[in-house]
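What follows is run-v4.tsv (TSV, C-alpha atoms).
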```tsv
chain	number	residue	atom	x	y	z
A	12	MET	CA	-25.99	16.96	-0.15
A	13	SER	CA	-26.68	16.32	-3.84
A	14	THR	CA	-26.25	12.76	-5.08
A	15	ALA	CA	-26.17	13.73	-8.76
A	16	PRO	CA	-23.13	12.31	-10.55
A	17	THR	CA	-20.21	14.66	-11.11
A	18	THR	CA	-18.09	14.19	-14.21
A	19	ALA	CA	-14.32	14.55	-14.39
A	20	THR	CA	-14.76	17.73	-16.46
A	21	SER	CA	-16.83	19.68	-13.93
A	22	PRO	CA	-14.53	21.06	-11.23
A	23	MET	CA	-15.97	21.77	-7.81
A	24	PRO	CA	-14.20	24.40	-5.67
A	25	LEU	CA	-13.10	23.73	-2.14
A	26	PRO	CA	-15.39	25.25	0.51
A	27	GLY	CA	-14.82	28.52	2.30
A	28	PRO	CA	-12.36	31.36	1.75
A	29	PRO	CA	-8.89	30.65	0.32
A	30	ASN	CA	-7.20	30.90	3.71
A	31	LEU	CA	-9.58	28.54	5.54
A	32	ALA	CA	-7.08	25.68	5.70
A	33	ARG	CA	-4.32	27.93	6.98
A	34	THR	CA	-6.28	28.66	10.16
A	35	VAL	CA	-6.04	25.07	11.44
A	36	ARG	CA	-4.22	24.99	14.77
A	37	THR	CA	-1.99	22.07	15.64
A	38	ARG	CA	-1.26	20.14	18.79
A	39	ARG	CA	1.43	17.74	19.89
A	40	GLY	CA	1.79	14.42	18.12
A	41	GLY	CA	0.60	11.05	19.35
A	42	ALA	CA	-2.20	8.74	18.26
A	43	ILE	CA	-5.33	10.28	16.76
A	44	PRO	CA	-8.14	10.11	19.35
A	45	GLY	CA	-10.80	7.60	18.35
A	46	LEU	CA	-8.70	6.00	15.61
A	47	ARG	CA	-8.82	2.19	15.40
A	48	TYR	CA	-5.28	0.77	15.51
A	49	ARG	CA	-3.19	-1.96	17.10
A	50	SER	CA	-0.33	-1.06	19.44
A	51	VAL	CA	3.13	-2.41	18.66
A	52	ALA	CA	6.38	-2.92	20.53
A	53	PRO	CA	9.02	-0.18	20.19
A	54	ALA	CA	11.50	-0.57	17.35
A	55	ASP	CA	14.82	-2.19	18.28
A	56	PRO	CA	17.22	0.81	18.31
A	57	GLU	CA	20.21	-1.29	17.24
A	58	LYS	CA	18.35	-2.61	14.21
A	59	VAL	CA	17.15	0.89	13.37
A	60	GLU	CA	20.68	2.29	13.54
A	61	GLU	CA	22.10	-0.50	11.38
A	62	ILE	CA	19.38	-0.22	8.72
A	63	ASP	CA	19.79	3.57	8.60
A	64	ARG	CA	23.55	3.15	8.22
A	65	ARG	CA	23.12	0.70	5.33
A	66	LEU	CA	20.48	2.80	3.60
A	67	GLU	CA	22.42	6.03	3.82
A	68	ALA	CA	25.58	4.35	2.53
A	69	TRP	CA	23.61	2.89	-0.39
A	70	ALA	CA	21.95	6.21	-1.20
A	71	ARG	CA	25.21	8.16	-1.02
A	72	ARG	CA	26.98	5.59	-3.17
A	73	LEU	CA	24.33	5.95	-5.87
A	74	ASP	CA	24.19	9.75	-5.42
A	75	LEU	CA	20.41	9.66	-4.90
A	76	PHE	CA	19.81	12.71	-2.73
A	77	PRO	CA	18.95	16.02	-4.43
A	78	GLN	CA	20.68	19.05	-2.93
A	79	ALA	CA	17.38	20.24	-1.44
A	80	TRP	CA	17.09	17.05	0.62
A	81	SER	CA	19.73	18.03	3.18
A	82	GLY	CA	18.50	16.69	6.53
A	83	ASP	CA	15.44	14.92	5.11
A	84	PHE	CA	16.94	11.44	5.42
A	85	SER	CA	17.25	11.48	9.20
A	86	GLY	CA	13.89	13.22	9.61
A	87	PHE	CA	12.01	10.60	7.63
A	88	GLN	CA	13.37	7.76	9.84
A	89	PHE	CA	13.51	5.10	7.11
A	90	GLY	CA	15.23	2.55	9.33
A	91	ARG	CA	12.71	2.95	12.11
A	92	ALA	CA	9.86	2.71	9.61
A	93	VAL	CA	10.87	-0.66	8.17
A	94	VAL	CA	11.80	-2.14	11.55
A	95	LEU	CA	8.32	-1.25	12.85
A	96	GLN	CA	6.58	-2.40	9.68
A	97	HIS	CA	8.33	-5.79	9.42
A	98	PRO	CA	8.71	-7.13	12.99
A	99	ALA	CA	8.98	-10.74	11.70
A	100	ALA	CA	11.63	-9.97	9.05
A	101	ALA	CA	13.86	-12.97	8.41
A	102	ASP	CA	17.14	-11.02	8.53
A	103	LEU	CA	18.78	-7.61	8.19
A	104	GLU	CA	19.38	-8.11	4.46
A	105	ARG	CA	15.65	-8.37	3.84
A	106	LEU	CA	14.92	-5.38	6.07
A	107	THR	CA	17.52	-3.41	4.13
A	108	ALA	CA	15.87	-4.43	0.85
A	109	ALA	CA	12.52	-3.16	2.18
A	110	GLY	CA	14.20	0.08	3.21
A	111	LYS	CA	15.75	0.59	-0.23
A	112	LEU	CA	12.36	0.19	-1.88
A	113	LEU	CA	10.73	2.60	0.59
A	114	LEU	CA	13.50	5.14	0.00
A	115	ALA	CA	13.30	4.78	-3.80
A	116	GLU	CA	9.51	5.15	-3.79
A	117	ASN	CA	9.81	8.36	-1.77
A	118	ILE	CA	12.52	9.77	-4.05
A	119	VAL	CA	10.36	9.17	-7.14
A	120	ASP	CA	7.29	10.65	-5.42
A	121	ASN	CA	9.14	13.75	-4.20
A	122	CYS	CA	11.25	14.42	-7.29
A	123	TYR	CA	8.62	13.62	-9.91
A	124	CYS	CA	5.18	14.23	-8.38
A	125	GLU	CA	5.39	16.97	-5.75
A	126	GLU	CA	4.96	20.58	-6.87
A	127	ASP	CA	8.44	21.64	-5.77
A	128	GLU	CA	10.78	23.45	-8.15
A	129	ASP	CA	13.82	22.73	-5.97
A	130	LYS	CA	13.25	18.98	-6.34
A	131	GLY	CA	12.07	19.08	-9.94
A	132	GLY	CA	8.54	17.79	-9.33
A	133	SER	CA	5.51	18.97	-11.26
A	134	ARG	CA	2.06	17.75	-12.26
A	135	SER	CA	2.80	18.83	-15.81
A	136	GLY	CA	4.26	16.03	-17.90
A	137	LEU	CA	4.16	13.58	-15.00
A	138	GLY	CA	2.96	10.67	-17.14
A	139	GLY	CA	6.07	10.84	-19.30
A	140	ARG	CA	8.37	10.77	-16.27
A	141	LEU	CA	6.48	7.90	-14.67
A	142	ILE	CA	6.59	5.68	-17.76
A	143	MET	CA	10.37	6.00	-17.65
A	144	ALA	CA	10.23	5.18	-13.94
A	145	GLN	CA	8.21	2.06	-14.70
A	146	SER	CA	10.85	1.04	-17.25
A	147	ALA	CA	13.48	1.21	-14.51
A	148	LEU	CA	11.51	-1.63	-12.90
A	149	ASP	CA	10.18	-3.37	-16.00
A	150	PRO	CA	13.16	-3.19	-18.41
A	151	TYR	CA	13.01	-2.16	-22.04
A	152	HIS	CA	13.67	-4.96	-24.56
A	153	GLY	CA	14.73	-4.17	-28.12
A	154	THR	CA	17.84	-3.88	-30.23
A	155	PRO	CA	21.13	-3.98	-28.31
A	156	GLU	CA	21.91	-0.37	-29.30
A	157	LEU	CA	18.59	0.98	-28.06
A	158	GLN	CA	18.74	-1.09	-24.88
A	159	GLU	CA	22.15	0.46	-24.21
A	160	GLU	CA	20.73	3.96	-24.69
A	161	TRP	CA	17.84	3.12	-22.35
A	162	LEU	CA	20.24	1.84	-19.66
A	163	HIS	CA	22.40	4.97	-19.91
A	164	GLY	CA	19.25	7.10	-19.58
A	165	ILE	CA	18.15	5.21	-16.48
A	166	GLN	CA	21.54	5.60	-14.82
A	167	ARG	CA	21.74	9.36	-15.48
A	168	ASP	CA	18.73	10.15	-13.28
A	169	GLY	CA	18.66	9.76	-9.49
A	170	PRO	CA	15.02	8.63	-9.08
A	171	LEU	CA	15.41	6.13	-11.94
A	172	ARG	CA	18.68	4.82	-10.47
A	173	SER	CA	16.99	4.38	-7.11
A	174	TYR	CA	14.17	2.28	-8.59
A	175	HIS	CA	16.51	0.23	-10.79
A	176	TRP	CA	18.93	-0.77	-8.04
A	177	ALA	CA	16.34	-1.13	-5.26
A	178	LEU	CA	14.43	-3.64	-7.36
A	179	LYS	CA	17.61	-5.53	-8.26
A	180	ASP	CA	18.51	-5.83	-4.58
A	181	TYR	CA	14.97	-6.91	-3.69
A	182	ALA	CA	15.07	-9.59	-6.39
A	183	VAL	CA	18.04	-11.17	-4.59
A	184	VAL	CA	15.87	-12.00	-1.55
A	185	ALA	CA	12.52	-12.48	-3.35
A	186	THR	CA	11.31	-15.08	-5.84
A	187	PRO	CA	10.66	-14.09	-9.48
A	188	SER	CA	6.88	-14.14	-8.87
A	189	GLN	CA	7.22	-11.93	-5.78
A	190	THR	CA	9.36	-9.51	-7.75
A	191	ASP	CA	6.87	-9.43	-10.62
A	192	ARG	CA	4.04	-8.86	-8.13
A	193	LEU	CA	5.84	-5.77	-6.84
A	194	VAL	CA	6.48	-4.43	-10.35
A	195	HIS	CA	2.76	-4.62	-11.11
A	196	ASP	CA	1.81	-2.95	-7.82
A	197	LEU	CA	4.23	-0.11	-8.55
A	198	ALA	CA	2.49	0.34	-11.91
A	199	ARG	CA	-0.77	0.68	-9.96
A	200	LEU	CA	0.91	3.32	-7.81
A	201	HIS	CA	2.03	5.28	-10.88
A	202	LEU	CA	-1.51	5.19	-12.29
A	203	GLY	CA	-2.72	6.75	-9.04
A	204	TYR	CA	-0.03	9.44	-9.25
A	205	VAL	CA	-1.15	10.37	-12.77
A	206	ALA	CA	-4.82	10.56	-11.74
A	207	GLU	CA	-4.07	12.83	-8.78
A	208	ALA	CA	-1.90	15.07	-10.96
A	209	ALA	CA	-4.62	15.32	-13.62
A	210	TRP	CA	-7.15	16.42	-11.01
A	211	GLY	CA	-4.68	18.99	-9.74
A	212	GLU	CA	-4.12	20.42	-13.21
A	213	THR	CA	-7.85	20.73	-13.93
A	214	ARG	CA	-8.69	21.90	-10.39
A	215	TYR	CA	-11.18	19.03	-10.14
A	216	THR	CA	-12.37	18.05	-6.68
A	217	PRO	CA	-13.58	14.45	-6.82
A	218	GLN	CA	-16.50	12.95	-4.99
A	219	VAL	CA	-15.50	11.01	-1.88
A	220	TRP	CA	-15.83	7.63	-3.57
A	221	GLU	CA	-13.78	8.86	-6.55
A	222	TYR	CA	-11.03	10.11	-4.27
A	223	LEU	CA	-10.88	6.80	-2.41
A	224	VAL	CA	-10.72	4.89	-5.70
A	225	MET	CA	-7.68	7.01	-6.65
A	226	ARG	CA	-6.13	6.34	-3.24
A	227	GLN	CA	-6.57	2.60	-3.69
A	228	PHE	CA	-3.98	2.96	-6.46
A	229	ASN	CA	-1.94	5.86	-5.05
A	230	ASN	CA	-1.23	4.17	-1.73
A	231	PHE	CA	1.05	1.91	0.29
A	232	ARG	CA	0.18	-1.31	-1.51
A	233	PRO	CA	3.71	-1.83	-2.93
A	234	CYS	CA	5.00	-1.88	0.65
A	235	LEU	CA	2.38	-4.47	1.61
A	236	SER	CA	3.16	-6.55	-1.50
A	237	ILE	CA	6.51	-7.53	-0.03
A	238	VAL	CA	5.56	-8.69	3.48
A	239	ASP	CA	5.99	-12.39	2.72
A	240	ALA	CA	9.36	-11.93	0.97
A	241	ILE	CA	10.73	-9.82	3.83
A	242	ASP	CA	9.51	-12.40	6.35
A	243	GLY	CA	11.37	-15.13	4.41
A	244	TYR	CA	8.64	-17.15	2.68
A	245	GLU	CA	6.31	-16.92	-0.32
A	246	LEU	CA	2.54	-16.83	-0.49
A	247	PRO	CA	2.10	-18.72	-3.80
A	248	GLU	CA	0.82	-16.68	-6.72
A	249	ALA	CA	-2.26	-18.90	-7.07
A	250	VAL	CA	-3.20	-18.10	-3.46
A	251	TYR	CA	-2.23	-14.43	-3.63
A	252	ALA	CA	-4.45	-13.92	-6.71
A	253	ARG	CA	-7.59	-15.23	-5.01
A	254	PRO	CA	-10.25	-12.46	-4.74
A	255	GLU	CA	-10.56	-12.78	-0.98
A	256	ILE	CA	-6.78	-12.39	-0.54
A	257	GLN	CA	-6.77	-9.43	-2.90
A	258	ARG	CA	-9.58	-7.89	-0.86
A	259	ILE	CA	-7.82	-8.07	2.51
A	260	THR	CA	-4.65	-6.74	0.88
A	261	ALA	CA	-6.60	-3.80	-0.56
A	262	LEU	CA	-8.42	-3.15	2.74
A	263	ALA	CA	-5.10	-3.08	4.64
A	264	ALA	CA	-3.56	-0.73	2.07
A	265	ASN	CA	-6.61	1.55	2.04
A	266	ALA	CA	-6.79	1.79	5.82
A	267	THR	CA	-3.13	2.69	6.20
A	268	THR	CA	-3.34	5.21	3.36
A	269	ILE	CA	-6.17	7.03	5.11
A	270	VAL	CA	-3.93	7.03	8.20
A	271	ASN	CA	-1.38	8.90	6.10
A	272	ASP	CA	-4.03	11.41	5.00
A	273	LEU	CA	-5.00	12.02	8.62
A	274	TYR	CA	-1.51	12.38	10.07
A	275	SER	CA	-0.17	14.49	7.18
A	276	PHE	CA	-3.27	16.71	7.12
A	277	THR	CA	-1.79	19.81	8.78
A	278	LYS	CA	1.58	19.37	7.07
A	279	GLU	CA	-0.04	19.34	3.65
A	280	LEU	CA	-2.34	22.28	4.41
A	281	ALA	CA	0.62	24.36	5.55
A	282	SER	CA	2.43	23.83	2.25
A	283	ASP	CA	-0.59	23.73	-0.11
A	284	PRO	CA	-4.11	24.52	1.20
A	285	THR	CA	-5.68	23.08	-1.98
A	286	HIS	CA	-3.90	19.71	-1.72
A	287	LEU	CA	-6.36	16.83	-2.00
A	288	ASN	CA	-6.74	14.61	1.04
A	289	LEU	CA	-9.73	12.78	2.46
A	290	PRO	CA	-10.85	15.48	4.96
A	291	GLN	CA	-10.59	18.18	2.28
A	292	VAL	CA	-12.64	16.11	-0.18
A	293	ILE	CA	-15.30	15.34	2.43
A	294	ALA	CA	-15.50	19.05	3.36
A	295	ALA	CA	-15.95	20.02	-0.29
A	296	ASN	CA	-18.65	17.44	-0.97
A	297	GLU	CA	-20.61	17.78	2.25
A	298	ARG	CA	-20.16	21.56	2.55
A	299	CYS	CA	-18.95	21.23	6.11
A	300	GLY	CA	-16.02	22.50	8.12
A	301	LEU	CA	-12.64	20.80	8.16
A	302	LYS	CA	-13.07	19.54	11.73
A	303	ALA	CA	-16.31	17.71	10.92
A	304	ALA	CA	-14.75	16.37	7.72
A	305	TYR	CA	-11.64	15.18	9.55
A	306	LEU	CA	-13.71	13.29	12.13
A	307	LYS	CA	-15.78	11.74	9.32
A	308	ALA	CA	-12.52	10.57	7.70
A	309	VAL	CA	-11.54	8.90	10.99
A	310	GLU	CA	-14.88	7.07	10.93
A	311	ILE	CA	-14.35	5.89	7.34
A	312	HIS	CA	-10.89	4.61	8.29
A	313	ASN	CA	-12.27	2.74	11.28
A	314	ARG	CA	-14.91	0.97	9.22
A	315	ILE	CA	-12.33	-0.12	6.63
A	316	MET	CA	-9.95	-1.22	9.38
A	317	GLU	CA	-12.70	-3.21	11.08
A	318	ALA	CA	-13.52	-4.97	7.80
A	319	PHE	CA	-9.85	-5.86	7.32
A	320	GLU	CA	-9.55	-7.28	10.81
A	321	GLU	CA	-12.75	-9.34	10.60
A	322	GLU	CA	-12.19	-10.71	7.10
A	323	SER	CA	-8.50	-11.48	7.58
A	324	ALA	CA	-9.34	-13.35	10.80
A	325	LEU	CA	-11.83	-15.53	8.93
A	326	LEU	CA	-9.35	-16.25	6.14
A	327	SER	CA	-6.56	-16.97	8.62
A	328	ALA	CA	-8.56	-19.88	9.98
A	329	THR	CA	-8.46	-21.59	6.56
A	330	SER	CA	-4.68	-22.01	6.21
A	331	PRO	CA	-1.49	-21.50	8.27
A	332	LEU	CA	0.14	-19.82	5.24
A	333	VAL	CA	-2.76	-17.40	4.79
A	334	GLU	CA	-2.69	-16.73	8.53
A	335	ARG	CA	0.99	-15.85	8.27
A	336	TYR	CA	0.36	-13.51	5.35
A	337	SER	CA	-2.59	-11.86	7.10
A	338	ARG	CA	-0.46	-11.32	10.19
A	339	GLY	CA	2.23	-9.74	8.02
A	340	LEU	CA	-0.31	-7.31	6.59
A	341	SER	CA	-1.57	-6.49	10.08
A	342	ASP	CA	1.98	-6.01	11.36
A	343	TRP	CA	2.76	-3.60	8.53
A	344	VAL	CA	-0.40	-1.56	9.12
A	345	ALA	CA	0.22	-1.40	12.88
A	346	GLY	CA	3.91	-0.55	12.51
A	347	ASN	CA	3.19	2.13	9.95
A	348	HIS	CA	0.62	3.70	12.26
A	349	GLU	CA	3.19	3.77	15.06
A	350	TRP	CA	5.70	5.46	12.74
A	351	HIS	CA	3.16	8.16	11.82
A	352	ALA	CA	1.94	8.69	15.39
A	353	THR	CA	5.44	9.13	16.81
A	354	ASN	CA	7.22	10.97	13.98
A	355	SER	CA	6.82	14.48	15.35
A	356	HIS	CA	9.52	15.74	12.93
A	357	ARG	CA	7.01	15.31	10.09
A	358	TYR	CA	3.51	15.28	11.61
A	359	HIS	CA	1.36	17.30	13.99
A	360	LEU	CA	-2.32	16.69	14.63
A	361	PRO	CA	-5.00	19.33	14.16
A	362	ASN	CA	-6.35	20.63	17.47
A	363	TYR	CA	-9.81	19.06	17.01
A	364	TRP	CA	-10.29	17.38	20.40
```
So, in terms of structure tokens, how does the structure I just supplied come out?
Amino acid sequence: MSTAPTTATSPMPLPGPPNLARTVRTRRGGAIPGLRYRSVAPADPEKVEEIDRRLEAWARRLDLFPQAWSGDFSGFQFGRAVVLQHPAAADLERLTAAGKLLLAENIVDNCYCEEDEDKGGSRSGLGGRLIMAQSALDPYHGTPELQEEWLHGIQRDGPLRSYHWALKDYAVVATPSQTDRLVHDLARLHLGYVAEAAWGETRYTPQVWEYLVMRQFNNFRPCLSIVDAIDGYELPEAVYARPEIQRITALAANATTIVNDLYSFTKELASDPTHLNLPQVIAANERCGLKAAYLKAVEIHNRIMEAFEEESALLSATSPLVERYSRGLSDWVAGNHEWHATNSHRYHLPNYW
């Protein structure tokens, strides 16, 4: 394998014939063999049903679902996701707020970023759509007339409405600093979306480290940003900003994002064999088959997960508040893994074992 640097203007094709990815056979769901994860208790079905009821009522009231999304709401299992991810949530209102944010983030991703004509998504012009999305979270300030035009524009678009109202509802249960933290982490997410889209437009296949840098922005961090607010307390900004706290937050987000790459691997290949994910990028760089690349991606995840567990345990010993925050991160990562491993409506594993 060459270690010479590759620039963003020198595309590298994916290995093998065009139909290589389509030949991957799938098996039943369940946990990925050899993956490092923590088991969690089953989600409370009554909580799940209540959160789903609240989320669907909210989404229907705001008219958020595109026509093409018929049936997608129940298949995604939003209520089950947030109940698993936030086992120490202070109350149903906070769980509902987490669910609204998760739903809004998925609507923006699907309607703006995915290459799907039925939902309106496209790589082309994505930056312009995402700056408007950021303004739904971080409001425009100017003359009263222009602010009114901005607000009308936000309310005319489903993804923008979802962001605007989800953040408003979150701000009711979160402090101003927690809300601002989330706004900044969503900006990080949008930067990752733009980078991935740019690579798609230029047919650029990044090096493994480049891909993982992009995924540190285009990942689940906004969901992890809210664990303290949903659990009913605040990790003070001065503590949250410490480099060691930022590191365990990033490690948790990176580990769970690789989990998403691994569980969605066959789903993505079926719809777009050139879609970038960690196994595909490893295969392209190391000139190996998808099975070897997939197993290497599992190994990378495990090393990141191990670092998160070890470093968060050391930090937890320094402060009860940091211990509580670290546990919230760990709970989210574990619950999100359980959601992926058991959501057979969306995910099937490759038959590599």
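The smallest atom-to-atom distance between Arg167 of chain A and any of A:Asp242, A:Asp74, A:Glu248, A:Glu212, using only C-alpha atoms, is found for A:Asp74.
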Check your understanding: Which residue out of A:Glu159, A:Glu245, A:Glu349, A:Asp120 has the minimum interatomic distance to Leu200 of chain A when all atoms listed in the file are used?
Key -> A:Asp120
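Using only C-alpha atoms, the shortest contact distance between Arg65 of chain A and any of A:Ile43, A:Leu103, A:Leu280, A:Ile315 is found at A:Leu103.
Using only C-alpha atoms, the shortest contact distance between Gly169 of chain A and any of A:Ser327, A:Ser337, A:Asn121, A:Asn288 is found at A:Asn121.
From atom CA of Val270 of chain A back to atom CA of His356 of chain A, the distance works out to 16.7 Å.
Proximity to Leu75 of chain A was assessed for A:Gly90, A:Pro361, A:Pro170, A:Pro53 counting all atoms listed in the file; the smallest distance is recorded for A:Pro170.
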Check your understanding: Given the choices A:Leu95, A:Ala294, A:Ala240, A:Leu360, which gets closest to Val51 of chain A if the distance is worked out from all atoms listed in the file?
Key -> A:Leu95
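Atom CA of Pro150 of chain A sits 21.7 Å away from atom CA of Trp69 of chain A.
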Practice item. Go ahead and compute the interatomic distance for atom CA of Met225 of chain A and atom CA of Asn362 of chain A, in Å to one decimal. Key: 27.7 Å
